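With mmCIF, N, CA and C atoms inside, this is entry-v1.cif:
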data_final
loop_
_atom_site.label_atom_id
_atom_site.label_comp_id
_atom_site.auth_asym_id
_atom_site.auth_seq_id
_atom_site.Cartn_x
_atom_site.Cartn_y
_atom_site.Cartn_z
N HIS G 1 107.49 104.16 135.67
CA HIS G 1 108.80 103.64 135.39
C HIS G 1 108.86 103.15 133.96
N LEU G 2 109.79 103.68 133.16
CA LEU G 2 109.91 103.29 131.77
C LEU G 2 110.92 102.16 131.63
N ARG G 3 110.54 101.13 130.91
CA ARG G 3 111.45 100.02 130.66
C ARG G 3 111.99 100.16 129.24
N SER G 4 113.27 99.92 129.05
CA SER G 4 113.88 100.07 127.74
C SER G 4 113.49 98.95 126.79
N ASP G 5 112.99 97.80 127.34
CA ASP G 5 112.59 96.71 126.46
C ASP G 5 111.13 96.82 126.04
N ASN G 6 110.48 97.89 126.44
CA ASN G 6 109.09 98.12 126.07
C ASN G 6 109.05 98.58 124.62
N PRO G 7 108.40 97.85 123.71
CA PRO G 7 108.38 98.24 122.31
C PRO G 7 107.66 99.57 122.06
N ALA G 8 106.83 100.00 122.99
CA ALA G 8 106.13 101.27 122.81
C ALA G 8 107.01 102.46 123.15
N THR G 9 108.15 102.20 123.79
CA THR G 9 109.06 103.26 124.16
C THR G 9 110.22 103.31 123.18
N PRO G 10 110.24 104.28 122.26
CA PRO G 10 111.32 104.33 121.29
C PRO G 10 112.64 104.69 121.96
N THR G 11 113.70 104.03 121.57
CA THR G 11 115.02 104.32 122.12
C THR G 11 115.98 104.59 120.99
N HIS G 12 117.00 105.36 121.30
CA HIS G 12 118.08 105.64 120.36
C HIS G 12 119.06 104.49 120.46
N SER G 13 119.98 104.35 119.49
CA SER G 13 120.94 103.25 119.51
C SER G 13 121.81 103.28 120.76
N SER G 14 121.94 104.46 121.39
CA SER G 14 122.73 104.55 122.61
C SER G 14 121.92 104.13 123.83
N GLY G 15 120.64 103.81 123.65
CA GLY G 15 119.79 103.40 124.75
C GLY G 15 119.01 104.55 125.36
N GLN G 16 119.28 105.79 124.92
CA GLN G 16 118.57 106.93 125.47
C GLN G 16 117.17 107.00 124.86
N LEU G 17 116.23 107.48 125.67
CA LEU G 17 114.87 107.63 125.18
C LEU G 17 114.84 108.72 124.11
N GLN G 18 114.03 108.50 123.12
CA GLN G 18 113.92 109.45 122.04
C GLN G 18 112.45 109.72 121.78
N HIS G 19 112.09 110.98 121.61
CA HIS G 19 110.70 111.34 121.34
C HIS G 19 110.28 110.72 120.01
N PRO G 20 109.09 110.13 119.93
CA PRO G 20 108.65 109.48 118.69
C PRO G 20 108.64 110.44 117.51
N GLN G 21 108.44 111.72 117.77
CA GLN G 21 108.38 112.69 116.69
C GLN G 21 109.74 112.86 116.02
N HIS G 22 110.81 112.54 116.71
CA HIS G 22 112.15 112.75 116.16
C HIS G 22 112.80 111.47 115.68
N THR G 23 112.07 110.40 115.59
CA THR G 23 112.63 109.17 115.07
C THR G 23 112.68 109.23 113.56
N THR G 24 113.57 108.47 112.99
CA THR G 24 113.68 108.42 111.54
C THR G 24 112.49 107.66 110.98
N MET G 25 111.96 108.15 109.87
CA MET G 25 110.81 107.47 109.26
C MET G 25 111.31 106.24 108.52
N THR G 26 110.80 105.08 108.90
CA THR G 26 111.17 103.84 108.23
C THR G 26 110.23 103.61 107.07
N LYS G 27 110.55 102.62 106.25
CA LYS G 27 109.73 102.33 105.08
C LYS G 27 108.30 102.00 105.47
N SER G 28 108.11 101.22 106.53
CA SER G 28 106.75 100.86 106.94
C SER G 28 105.98 102.07 107.45
N MET G 29 106.69 103.04 108.06
CA MET G 29 106.02 104.23 108.56
C MET G 29 105.61 105.16 107.42
N THR G 30 106.40 105.21 106.35
CA THR G 30 106.11 106.13 105.26
C THR G 30 105.15 105.57 104.24
N GLU G 31 104.86 104.27 104.29
CA GLU G 31 103.96 103.70 103.29
C GLU G 31 102.55 104.28 103.41
N SER G 32 102.11 104.63 104.59
CA SER G 32 100.76 105.17 104.75
C SER G 32 100.72 106.69 104.57
N ILE G 33 101.87 107.34 104.55
CA ILE G 33 101.93 108.79 104.38
C ILE G 33 101.91 109.12 102.89
N PRO G 34 100.97 109.94 102.44
CA PRO G 34 100.95 110.30 101.02
C PRO G 34 102.26 110.95 100.59
N LEU G 35 102.68 110.64 99.39
CA LEU G 35 103.96 111.10 98.88
C LEU G 35 104.11 112.62 98.93
N LEU G 36 103.07 113.35 98.60
CA LEU G 36 103.15 114.81 98.58
C LEU G 36 103.23 115.43 99.97
N LEU G 37 102.90 114.66 101.00
CA LEU G 37 103.00 115.17 102.37
C LEU G 37 104.35 114.91 103.01
N ARG G 38 105.09 113.96 102.48
CA ARG G 38 106.36 113.59 103.11
C ARG G 38 107.34 114.75 103.26
N PRO G 39 107.52 115.63 102.24
CA PRO G 39 108.44 116.76 102.46
C PRO G 39 107.97 117.70 103.56
N TRP G 40 106.66 117.94 103.64
CA TRP G 40 106.12 118.80 104.68
C TRP G 40 106.40 118.21 106.07
N ILE G 41 106.10 116.94 106.22
CA ILE G 41 106.25 116.29 107.53
C ILE G 41 107.72 116.19 107.91
N THR G 42 108.55 115.81 106.97
CA THR G 42 109.99 115.66 107.25
C THR G 42 110.60 116.99 107.66
N THR G 43 110.32 118.06 106.89
CA THR G 43 110.91 119.35 107.24
C THR G 43 110.36 119.88 108.56
N TYR G 44 109.09 119.62 108.83
CA TYR G 44 108.51 120.06 110.10
C TYR G 44 109.17 119.34 111.27
N ARG G 45 109.37 118.04 111.14
CA ARG G 45 109.94 117.27 112.23
C ARG G 45 111.40 117.61 112.49
N PHE G 46 112.12 117.99 111.46
CA PHE G 46 113.54 118.27 111.64
C PHE G 46 113.85 119.74 111.85
N THR G 47 112.83 120.59 111.88
CA THR G 47 113.04 121.99 112.22
C THR G 47 113.09 122.10 113.74
N PRO G 48 114.12 122.78 114.28
CA PRO G 48 114.16 122.94 115.74
C PRO G 48 112.90 123.63 116.25
N LYS G 49 112.47 123.27 117.42
CA LYS G 49 111.24 123.83 117.98
C LYS G 49 111.58 125.06 118.82
N ILE G 50 110.89 126.17 118.54
CA ILE G 50 111.01 127.40 119.31
C ILE G 50 109.60 127.75 119.75
N TYR G 51 109.38 127.78 121.05
CA TYR G 51 108.02 127.99 121.56
C TYR G 51 107.87 129.42 122.08
N ILE G 52 106.68 129.97 121.88
CA ILE G 52 106.34 131.24 122.51
C ILE G 52 106.34 130.98 124.01
N PRO G 53 106.98 131.85 124.79
CA PRO G 53 107.07 131.60 126.24
C PRO G 53 105.70 131.35 126.88
N TYR G 54 105.69 130.35 127.76
CA TYR G 54 104.53 129.95 128.54
C TYR G 54 103.40 129.35 127.70
N THR G 55 103.72 128.91 126.49
CA THR G 55 102.73 128.26 125.63
C THR G 55 103.35 127.02 125.01
N LYS G 56 102.54 126.28 124.28
CA LYS G 56 103.03 125.13 123.51
C LYS G 56 102.97 125.45 122.02
N ILE G 57 103.05 126.74 121.69
CA ILE G 57 102.96 127.17 120.30
C ILE G 57 104.36 127.28 119.71
N ASP G 58 104.64 126.42 118.74
CA ASP G 58 105.93 126.41 118.06
C ASP G 58 105.92 127.43 116.93
N ILE G 59 106.91 128.33 116.91
CA ILE G 59 106.95 129.36 115.88
C ILE G 59 108.14 129.20 114.93
N ALA G 60 108.95 128.19 115.12
CA ALA G 60 110.15 128.05 114.29
C ALA G 60 109.80 127.81 112.83
N TYR G 61 108.87 126.91 112.55
CA TYR G 61 108.50 126.62 111.16
C TYR G 61 107.83 127.82 110.51
N THR G 62 107.08 128.58 111.29
CA THR G 62 106.45 129.80 110.79
C THR G 62 107.51 130.81 110.38
N LEU G 63 108.51 131.02 111.26
CA LEU G 63 109.58 131.97 110.95
C LEU G 63 110.42 131.51 109.78
N LEU G 64 110.68 130.20 109.71
CA LEU G 64 111.43 129.65 108.58
C LEU G 64 110.66 129.87 107.27
N SER G 65 109.36 129.64 107.29
CA SER G 65 108.54 129.85 106.10
C SER G 65 108.56 131.31 105.67
N ALA G 66 108.43 132.22 106.62
CA ALA G 66 108.47 133.65 106.30
C ALA G 66 109.82 134.03 105.70
N ALA G 67 110.90 133.48 106.25
CA ALA G 67 112.24 133.77 105.73
C ALA G 67 112.42 133.24 104.31
N ILE G 68 111.93 132.04 104.06
CA ILE G 68 112.05 131.45 102.71
C ILE G 68 111.26 132.28 101.70
N LEU G 69 110.03 132.64 102.03
CA LEU G 69 109.22 133.43 101.11
C LEU G 69 109.80 134.83 100.89
N THR G 70 110.39 135.40 101.92
CA THR G 70 111.05 136.70 101.77
C THR G 70 112.25 136.58 100.83
N ASN G 71 113.01 135.50 100.98
CA ASN G 71 114.15 135.29 100.08
C ASN G 71 113.71 135.06 98.64
N VAL G 72 112.59 134.39 98.46
CA VAL G 72 112.05 134.21 97.10
C VAL G 72 111.70 135.57 96.51
N ARG G 73 111.05 136.41 97.29
CA ARG G 73 110.68 137.74 96.80
C ARG G 73 111.92 138.56 96.46
N LEU G 74 112.93 138.53 97.32
CA LEU G 74 114.16 139.29 97.05
C LEU G 74 114.90 138.75 95.83
N ALA G 75 114.91 137.42 95.67
CA ALA G 75 115.56 136.83 94.50
C ALA G 75 114.82 137.22 93.23
N ALA G 76 113.49 137.23 93.27
CA ALA G 76 112.70 137.64 92.11
C ALA G 76 112.98 139.10 91.77
N ARG G 77 113.12 139.91 92.78
CA ARG G 77 113.42 141.33 92.57
C ARG G 77 114.76 141.51 91.85
N VAL G 78 115.76 140.76 92.29
CA VAL G 78 117.08 140.81 91.66
C VAL G 78 117.01 140.32 90.22
N ILE G 79 116.30 139.22 90.00
CA ILE G 79 116.16 138.67 88.64
C ILE G 79 115.45 139.66 87.73
N PHE G 80 114.35 140.24 88.20
CA PHE G 80 113.62 141.20 87.38
C PHE G 80 114.49 142.41 87.05
N THR G 81 115.24 142.90 88.02
CA THR G 81 116.12 144.05 87.78
C THR G 81 117.21 143.69 86.77
N SER G 82 117.75 142.47 86.87
CA SER G 82 118.78 142.06 85.91
C SER G 82 118.22 141.87 84.51
N LEU G 83 116.90 141.67 84.41
CA LEU G 83 116.26 141.52 83.11
C LEU G 83 115.82 142.87 82.52
N GLY G 84 116.14 143.95 83.23
CA GLY G 84 115.84 145.27 82.70
C GLY G 84 114.67 145.99 83.35
N TRP G 85 114.02 145.39 84.30
CA TRP G 85 112.95 146.07 84.99
C TRP G 85 113.56 147.21 85.81
N PRO G 86 112.85 148.31 85.99
CA PRO G 86 113.43 149.44 86.74
C PRO G 86 113.55 149.09 88.24
N ALA G 87 114.77 149.26 88.76
CA ALA G 87 115.04 148.95 90.18
C ALA G 87 114.24 149.89 91.08
N GLY G 88 113.58 149.34 92.07
CA GLY G 88 112.83 150.13 93.04
C GLY G 88 111.50 150.66 92.54
N HIS G 89 111.16 150.41 91.30
CA HIS G 89 109.86 150.87 90.77
C HIS G 89 108.74 150.03 91.38
N PRO G 90 107.60 150.64 91.67
CA PRO G 90 106.50 149.89 92.28
C PRO G 90 106.07 148.65 91.48
N SER G 91 106.12 148.73 90.15
CA SER G 91 105.71 147.55 89.36
C SER G 91 106.70 146.40 89.54
N THR G 92 107.97 146.71 89.68
CA THR G 92 108.98 145.67 89.93
C THR G 92 108.78 145.04 91.30
N LEU G 93 108.56 145.88 92.30
CA LEU G 93 108.35 145.39 93.66
C LEU G 93 107.07 144.56 93.75
N TYR G 94 106.03 145.00 93.06
CA TYR G 94 104.76 144.28 93.07
C TYR G 94 104.90 142.92 92.39
N ALA G 95 105.56 142.91 91.24
CA ALA G 95 105.74 141.64 90.52
C ALA G 95 106.57 140.66 91.35
N ALA G 96 107.61 141.16 92.01
CA ALA G 96 108.45 140.28 92.85
C ALA G 96 107.64 139.72 94.02
N SER G 97 106.78 140.53 94.61
CA SER G 97 105.96 140.03 95.72
C SER G 97 104.94 139.01 95.22
N CYS G 98 104.48 139.18 93.99
CA CYS G 98 103.55 138.20 93.42
C CYS G 98 104.23 136.84 93.22
N ILE G 99 105.53 136.85 92.92
CA ILE G 99 106.26 135.59 92.77
C ILE G 99 106.26 134.84 94.12
N GLY G 100 106.46 135.57 95.21
CA GLY G 100 106.39 134.95 96.54
C GLY G 100 105.02 134.34 96.80
N SER G 101 103.97 135.03 96.39
CA SER G 101 102.60 134.51 96.56
C SER G 101 102.37 133.27 95.70
N MET G 102 102.91 133.28 94.49
CA MET G 102 102.74 132.12 93.61
C MET G 102 103.48 130.90 94.16
N VAL G 103 104.67 131.12 94.69
CA VAL G 103 105.43 130.01 95.30
C VAL G 103 104.65 129.46 96.49
N HIS G 104 104.10 130.34 97.30
CA HIS G 104 103.30 129.90 98.45
C HIS G 104 102.13 129.04 98.00
N SER G 105 101.38 129.52 97.03
CA SER G 105 100.18 128.80 96.59
C SER G 105 100.51 127.46 95.93
N THR G 106 101.51 127.46 95.06
CA THR G 106 101.81 126.22 94.33
C THR G 106 102.44 125.16 95.23
N THR G 107 103.11 125.57 96.30
CA THR G 107 103.64 124.56 97.22
C THR G 107 102.61 124.15 98.26
N LEU G 108 101.71 125.04 98.60
CA LEU G 108 100.71 124.76 99.63
C LEU G 108 99.61 123.82 99.15
N LEU G 109 99.07 124.07 97.99
CA LEU G 109 97.86 123.36 97.56
C LEU G 109 98.01 121.84 97.44
N PRO G 110 99.09 121.30 96.88
CA PRO G 110 99.19 119.83 96.84
C PRO G 110 99.21 119.20 98.24
N GLY G 111 99.95 119.81 99.17
CA GLY G 111 99.99 119.28 100.53
C GLY G 111 98.65 119.40 101.23
N LEU G 112 97.99 120.52 101.03
CA LEU G 112 96.67 120.72 101.64
C LEU G 112 95.66 119.73 101.09
N GLY G 113 95.70 119.50 99.78
CA GLY G 113 94.81 118.52 99.17
C GLY G 113 95.03 117.13 99.73
N CYS G 114 96.29 116.75 99.90
CA CYS G 114 96.60 115.44 100.50
C CYS G 114 96.08 115.32 101.91
N LEU G 115 96.23 116.39 102.68
CA LEU G 115 95.71 116.36 104.06
C LEU G 115 94.20 116.17 104.07
N LEU G 116 93.52 116.91 103.22
CA LEU G 116 92.06 116.86 103.22
C LEU G 116 91.51 115.53 102.72
N TRP G 117 92.20 114.89 101.77
CA TRP G 117 91.69 113.65 101.19
C TRP G 117 92.28 112.39 101.81
N SER G 118 93.25 112.52 102.71
CA SER G 118 93.88 111.32 103.26
C SER G 118 93.17 110.76 104.49
N ARG G 119 92.32 111.54 105.10
CA ARG G 119 91.61 111.11 106.31
C ARG G 119 90.12 111.38 106.15
N PRO G 120 89.28 110.58 106.80
CA PRO G 120 87.85 110.87 106.74
C PRO G 120 87.53 112.19 107.43
N HIS G 121 86.58 112.90 106.88
CA HIS G 121 86.19 114.20 107.44
C HIS G 121 85.20 113.98 108.58
N ILE G 122 85.65 114.28 109.78
CA ILE G 122 84.79 114.20 110.96
C ILE G 122 84.89 115.55 111.65
N PRO G 123 83.93 116.43 111.44
CA PRO G 123 84.04 117.81 111.94
C PRO G 123 84.28 117.93 113.44
N HIS G 124 83.78 117.01 114.23
CA HIS G 124 83.89 117.14 115.68
C HIS G 124 85.13 116.43 116.25
N SER G 125 85.95 115.82 115.41
CA SER G 125 87.11 115.09 115.94
C SER G 125 88.23 116.06 116.31
N LYS G 126 89.00 115.65 117.30
CA LYS G 126 90.14 116.45 117.75
C LYS G 126 91.37 116.09 116.92
N LEU G 127 92.30 117.02 116.86
CA LEU G 127 93.51 116.81 116.08
C LEU G 127 94.29 115.60 116.59
N ASP G 128 94.34 115.43 117.91
CA ASP G 128 95.12 114.32 118.46
C ASP G 128 94.47 112.95 118.28
N SER G 129 93.28 112.91 117.67
CA SER G 129 92.67 111.62 117.36
C SER G 129 93.17 111.06 116.03
N HIS G 130 93.96 111.83 115.32
CA HIS G 130 94.52 111.41 114.04
C HIS G 130 95.95 110.92 114.23
N PRO G 131 96.50 110.20 113.26
CA PRO G 131 97.88 109.72 113.38
C PRO G 131 98.87 110.89 113.52
N LEU G 132 100.01 110.60 114.13
CA LEU G 132 101.02 111.63 114.36
C LEU G 132 101.48 112.27 113.06
N TRP G 133 101.63 111.47 111.99
CA TRP G 133 102.08 112.05 110.72
C TRP G 133 101.08 113.07 110.19
N TRP G 134 99.78 112.81 110.39
CA TRP G 134 98.76 113.73 109.91
C TRP G 134 98.78 115.01 110.75
N GLN G 135 98.96 114.88 112.05
CA GLN G 135 99.06 116.04 112.93
C GLN G 135 100.24 116.92 112.53
N ASP G 136 101.39 116.28 112.27
CA ASP G 136 102.58 117.03 111.85
C ASP G 136 102.36 117.72 110.51
N GLY G 137 101.66 117.04 109.60
CA GLY G 137 101.34 117.66 108.32
C GLY G 137 100.45 118.89 108.49
N VAL G 138 99.46 118.79 109.36
CA VAL G 138 98.58 119.93 109.64
C VAL G 138 99.38 121.08 110.23
N HIS G 139 100.24 120.78 111.20
CA HIS G 139 101.05 121.83 111.82
C HIS G 139 101.96 122.49 110.78
N ALA G 140 102.55 121.70 109.91
CA ALA G 140 103.45 122.25 108.88
C ALA G 140 102.68 123.17 107.94
N ILE G 141 101.52 122.73 107.46
CA ILE G 141 100.73 123.54 106.53
C ILE G 141 100.25 124.83 107.20
N LEU G 142 99.74 124.72 108.42
CA LEU G 142 99.27 125.91 109.13
C LEU G 142 100.41 126.88 109.44
N SER G 143 101.56 126.34 109.80
CA SER G 143 102.72 127.19 110.08
C SER G 143 103.21 127.87 108.81
N PHE G 144 103.16 127.15 107.69
CA PHE G 144 103.56 127.73 106.42
C PHE G 144 102.62 128.89 106.04
N CYS G 145 101.32 128.70 106.26
CA CYS G 145 100.36 129.78 105.99
C CYS G 145 100.58 130.96 106.91
N THR G 146 100.87 130.71 108.16
CA THR G 146 101.16 131.79 109.10
C THR G 146 102.43 132.52 108.69
N GLY G 147 103.43 131.77 108.23
CA GLY G 147 104.65 132.39 107.72
C GLY G 147 104.37 133.28 106.52
N TYR G 148 103.44 132.86 105.68
CA TYR G 148 103.06 133.69 104.53
C TYR G 148 102.40 134.98 105.01
N MET G 149 101.59 134.90 106.06
CA MET G 149 100.97 136.11 106.59
C MET G 149 102.01 137.08 107.15
N LEU G 150 103.07 136.54 107.74
CA LEU G 150 104.16 137.39 108.22
C LEU G 150 104.97 137.97 107.07
N TYR G 151 105.11 137.19 106.01
CA TYR G 151 105.88 137.61 104.86
C TYR G 151 105.29 138.86 104.27
#
Would you mind writing the file out in structure tokens?
Amino acid sequence: HLRSDNPATPTHSSGQLQHPQHTTMTKSMTESIPLLLRPWITTYRFTPKIYIPYTKIDIAYTLLSAAILTNVRLAARVIFTSLGWPAGHPSTLYAASCIGSMVHSTTLLPGLGCLLWSRPHIPHSKLDSHPLWWQDGVHAILSFCTGYMLY
């Protein structure tokens, strides 16, 4: 039986129960989260969850990442063509795909570095033994990498 006056049970202003993952991050909650991880965690938490049937595997952030990287590649292709590169030529297509790879790497590495240096390295520890913000950061980074593989 859940009591609404239980401080461990987050509630919405209407009194409805709200999953802790979907609560707004307050100043005290974000003070321990490294600055470079906040965009990853925030976007992961506010992306709707789409699960592979009969599993707990969320693919929404992966698909969103693949779509963003594809749009970066297409935008680079348009920019290169407008700058005089030959449309549809393999060198133009290759250069545009490299821009997508560069965007992936330059956005991934700062967040990955923060994840690796923000918690002690314990090889045998489980993911759920870490704070929720760290788990969400790991899920966001891994989903972004999976999206890059789909891209």
(message) What's around range 60-76 of chain G at 6 Å? Count all atoms listed in the file, leave out sequence neighbours fewer than 4 positions away in its own chain, and write the answer as a PyMOL selection string.
(response) chain G and resi 48-51+80-81+96-97+99-100+143-144+146-148+150-151
Note to self: Here's the selection I'm unsure about, the PyMOL selection byres (((chain G and resi 107 and name CA) around 12) and name CA); applied to the file above, which residues does it give, as an MDAnalysis selection string?
What the structure shows: chainID G and resid 36:37 39:40 65 69 100:106 108:114 140:141 144:145 148
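With atom C of His121 in chain G on one side and atom N of Pro34 in chain G on the other, the separation reads 17.4 Å.
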Margin query: Can you pull out every residue from range 50-100 of chain G that DSSP, working from the backbone, puts in alpha helix (DSSP H), and format the result as a PyMOL selection string?
Written below: chain G and resi 60-82+90-100
inquiry  = What does the structure give for the distance between atom N of Tyr44 in chain G and atom N of Gly137 in chain G, in Å to one decimal?
reply    =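 A separation of 7.9 Å between them.
Between CA of Val78 in chain G and CA of Thr43 in chain G lies a distance of 27.2 Å.
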Range 60-82 of chain G written out with N, CA, C and O atoms as a PDB file, in the first residue's frame:
ATOM      1  N   ALA G  60      13.871   3.898 -28.392  1.00  0.00           N
ATOM      2  CA  ALA G  60      13.504   5.230 -28.860  1.00  0.00           C
ATOM      3  C   ALA G  60      14.717   6.146 -28.981  1.00  0.00           C
ATOM      4  O   ALA G  60      14.879   6.841 -29.986  1.00  0.00           O
ATOM      5  N   TYR G  61      15.574   6.179 -27.977  1.00  0.00           N
ATOM      6  CA  TYR G  61      16.748   7.055 -28.016  1.00  0.00           C
ATOM      7  C   TYR G  61      17.718   6.612 -29.105  1.00  0.00           C
ATOM      8  O   TYR G  61      18.357   7.433 -29.756  1.00  0.00           O
ATOM      9  N   THR G  62      17.797   5.311 -29.339  1.00  0.00           N
ATOM     10  CA  THR G  62      18.638   4.782 -30.411  1.00  0.00           C
ATOM     11  C   THR G  62      18.131   5.256 -31.762  1.00  0.00           C
ATOM     12  O   THR G  62      18.900   5.732 -32.605  1.00  0.00           O
ATOM     13  N   LEU G  63      16.814   5.145 -31.981  1.00  0.00           N
ATOM     14  CA  LEU G  63      16.232   5.575 -33.255  1.00  0.00           C
ATOM     15  C   LEU G  63      16.347   7.080 -33.432  1.00  0.00           C
ATOM     16  O   LEU G  63      16.611   7.564 -34.539  1.00  0.00           O
ATOM     17  N   LEU G  64      16.157   7.827 -32.345  1.00  0.00           N
ATOM     18  CA  LEU G  64      16.310   9.278 -32.407  1.00  0.00           C
ATOM     19  C   LEU G  64      17.751   9.648 -32.767  1.00  0.00           C
ATOM     20  O   LEU G  64      17.981  10.528 -33.606  1.00  0.00           O
ATOM     21  N   SER G  65      18.712   8.977 -32.175  1.00  0.00           N
ATOM     22  CA  SER G  65      20.122   9.240 -32.477  1.00  0.00           C
ATOM     23  C   SER G  65      20.434   8.939 -33.938  1.00  0.00           C
ATOM     24  O   SER G  65      21.129   9.714 -34.605  1.00  0.00           O
ATOM     25  N   ALA G  66      19.932   7.823 -34.437  1.00  0.00           N
ATOM     26  CA  ALA G  66      20.159   7.465 -35.844  1.00  0.00           C
ATOM     27  C   ALA G  66      19.536   8.509 -36.766  1.00  0.00           C
ATOM     28  O   ALA G  66      20.146   8.900 -37.774  1.00  0.00           O
ATOM     29  N   ALA G  67      18.349   8.991 -36.423  1.00  0.00           N
ATOM     30  CA  ALA G  67      17.677  10.010 -37.243  1.00  0.00           C
ATOM     31  C   ALA G  67      18.453  11.324 -37.235  1.00  0.00           C
ATOM     32  O   ALA G  67      18.610  11.971 -38.279  1.00  0.00           O
ATOM     33  N   ILE G  68      18.951  11.720 -36.081  1.00  0.00           N
ATOM     34  CA  ILE G  68      19.723  12.968 -35.984  1.00  0.00           C
ATOM     35  C   ILE G  68      21.007  12.866 -36.800  1.00  0.00           C
ATOM     36  O   ILE G  68      21.342  13.779 -37.572  1.00  0.00           O
ATOM     37  N   LEU G  69      21.728  11.770 -36.674  1.00  0.00           N
ATOM     38  CA  LEU G  69      22.972  11.606 -37.422  1.00  0.00           C
ATOM     39  C   LEU G  69      22.718  11.509 -38.929  1.00  0.00           C
ATOM     40  O   LEU G  69      23.510  12.013 -39.733  1.00  0.00           O
ATOM     41  N   THR G  70      21.614  10.897 -39.314  1.00  0.00           N
ATOM     42  CA  THR G  70      21.254  10.844 -40.733  1.00  0.00           C
ATOM     43  C   THR G  70      20.958  12.245 -41.255  1.00  0.00           C
ATOM     44  O   THR G  70      21.386  12.613 -42.359  1.00  0.00           O
ATOM     45  N   ASN G  71      20.247  13.038 -40.461  1.00  0.00           N
ATOM     46  CA  ASN G  71      19.965  14.418 -40.871  1.00  0.00           C
ATOM     47  C   ASN G  71      21.234  15.256 -40.963  1.00  0.00           C
ATOM     48  O   ASN G  71      21.352  16.111 -41.839  1.00  0.00           O
ATOM     49  N   VAL G  72      22.178  15.015 -40.083  1.00  0.00           N
ATOM     50  CA  VAL G  72      23.468  15.718 -40.162  1.00  0.00           C
ATOM     51  C   VAL G  72      24.164  15.357 -41.473  1.00  0.00           C
ATOM     52  O   VAL G  72      24.685  16.238 -42.179  1.00  0.00           O
ATOM     53  N   ARG G  73      24.174  14.082 -41.810  1.00  0.00           N
ATOM     54  CA  ARG G  73      24.808  13.644 -43.055  1.00  0.00           C
ATOM     55  C   ARG G  73      24.118  14.265 -44.271  1.00  0.00           C
ATOM     56  O   ARG G  73      24.791  14.762 -45.190  1.00  0.00           O
ATOM     57  N   LEU G  74      22.791  14.273 -44.278  1.00  0.00           N
ATOM     58  CA  LEU G  74      22.060  14.851 -45.408  1.00  0.00           C
ATOM     59  C   LEU G  74      22.276  16.360 -45.505  1.00  0.00           C
ATOM     60  O   LEU G  74      22.416  16.904 -46.603  1.00  0.00           O
ATOM     61  N   ALA G  75      22.329  17.032 -44.357  1.00  0.00           N
ATOM     62  CA  ALA G  75      22.581  18.476 -44.362  1.00  0.00           C
ATOM     63  C   ALA G  75      23.991  18.762 -44.878  1.00  0.00           C
ATOM     64  O   ALA G  75      24.193  19.706 -45.662  1.00  0.00           O
ATOM     65  N   ALA G  76      24.969  17.957 -44.480  1.00  0.00           N
ATOM     66  CA  ALA G  76      26.338  18.138 -44.967  1.00  0.00           C
ATOM     67  C   ALA G  76      26.395  17.919 -46.474  1.00  0.00           C
ATOM     68  O   ALA G  76      27.096  18.653 -47.187  1.00  0.00           O
ATOM     69  N   ARG G  77      25.653  16.958 -46.945  1.00  0.00           N
ATOM     70  CA  ARG G  77      25.609  16.683 -48.393  1.00  0.00           C
ATOM     71  C   ARG G  77      25.063  17.885 -49.162  1.00  0.00           C
ATOM     72  O   ARG G  77      25.617  18.278 -50.194  1.00  0.00           O
ATOM     73  N   VAL G  78      23.992  18.483 -48.644  1.00  0.00           N
ATOM     74  CA  VAL G  78      23.409  19.668 -49.275  1.00  0.00           C
ATOM     75  C   VAL G  78      24.390  20.840 -49.235  1.00  0.00           C
ATOM     76  O   VAL G  78      24.563  21.559 -50.225  1.00  0.00           O
ATOM     77  N   ILE G  79      25.034  21.032 -48.098  1.00  0.00           N
ATOM     78  CA  ILE G  79      26.008  22.131 -47.966  1.00  0.00           C
ATOM     79  C   ILE G  79      27.175  21.936 -48.923  1.00  0.00           C
ATOM     80  O   ILE G  79      27.591  22.875 -49.612  1.00  0.00           O
ATOM     81  N   PHE G  80      27.719  20.723 -48.984  1.00  0.00           N
ATOM     82  CA  PHE G  80      28.831  20.464 -49.890  1.00  0.00           C
ATOM     83  C   PHE G  80      28.433  20.695 -51.343  1.00  0.00           C
ATOM     84  O   PHE G  80      29.190  21.272 -52.122  1.00  0.00           O
ATOM     85  N   THR G  81      27.245  20.248 -51.714  1.00  0.00           N
ATOM     86  CA  THR G  81      26.768  20.451 -53.086  1.00  0.00           C
ATOM     87  C   THR G  81      26.593  21.935 -53.387  1.00  0.00           C
ATOM     88  O   THR G  81      26.945  22.394 -54.480  1.00  0.00           O
ATOM     89  N   SER G  82      26.083  22.695 -52.414  1.00  0.00           N
ATOM     90  CA  SER G  82      25.907  24.135 -52.632  1.00  0.00           C
ATOM     91  C   SER G  82      27.246  24.863 -52.711  1.00  0.00           C
ATOM     92  O   SER G  82      27.324  25.963 -53.265  1.00  0.00           O
TER      93      SER G  82
END
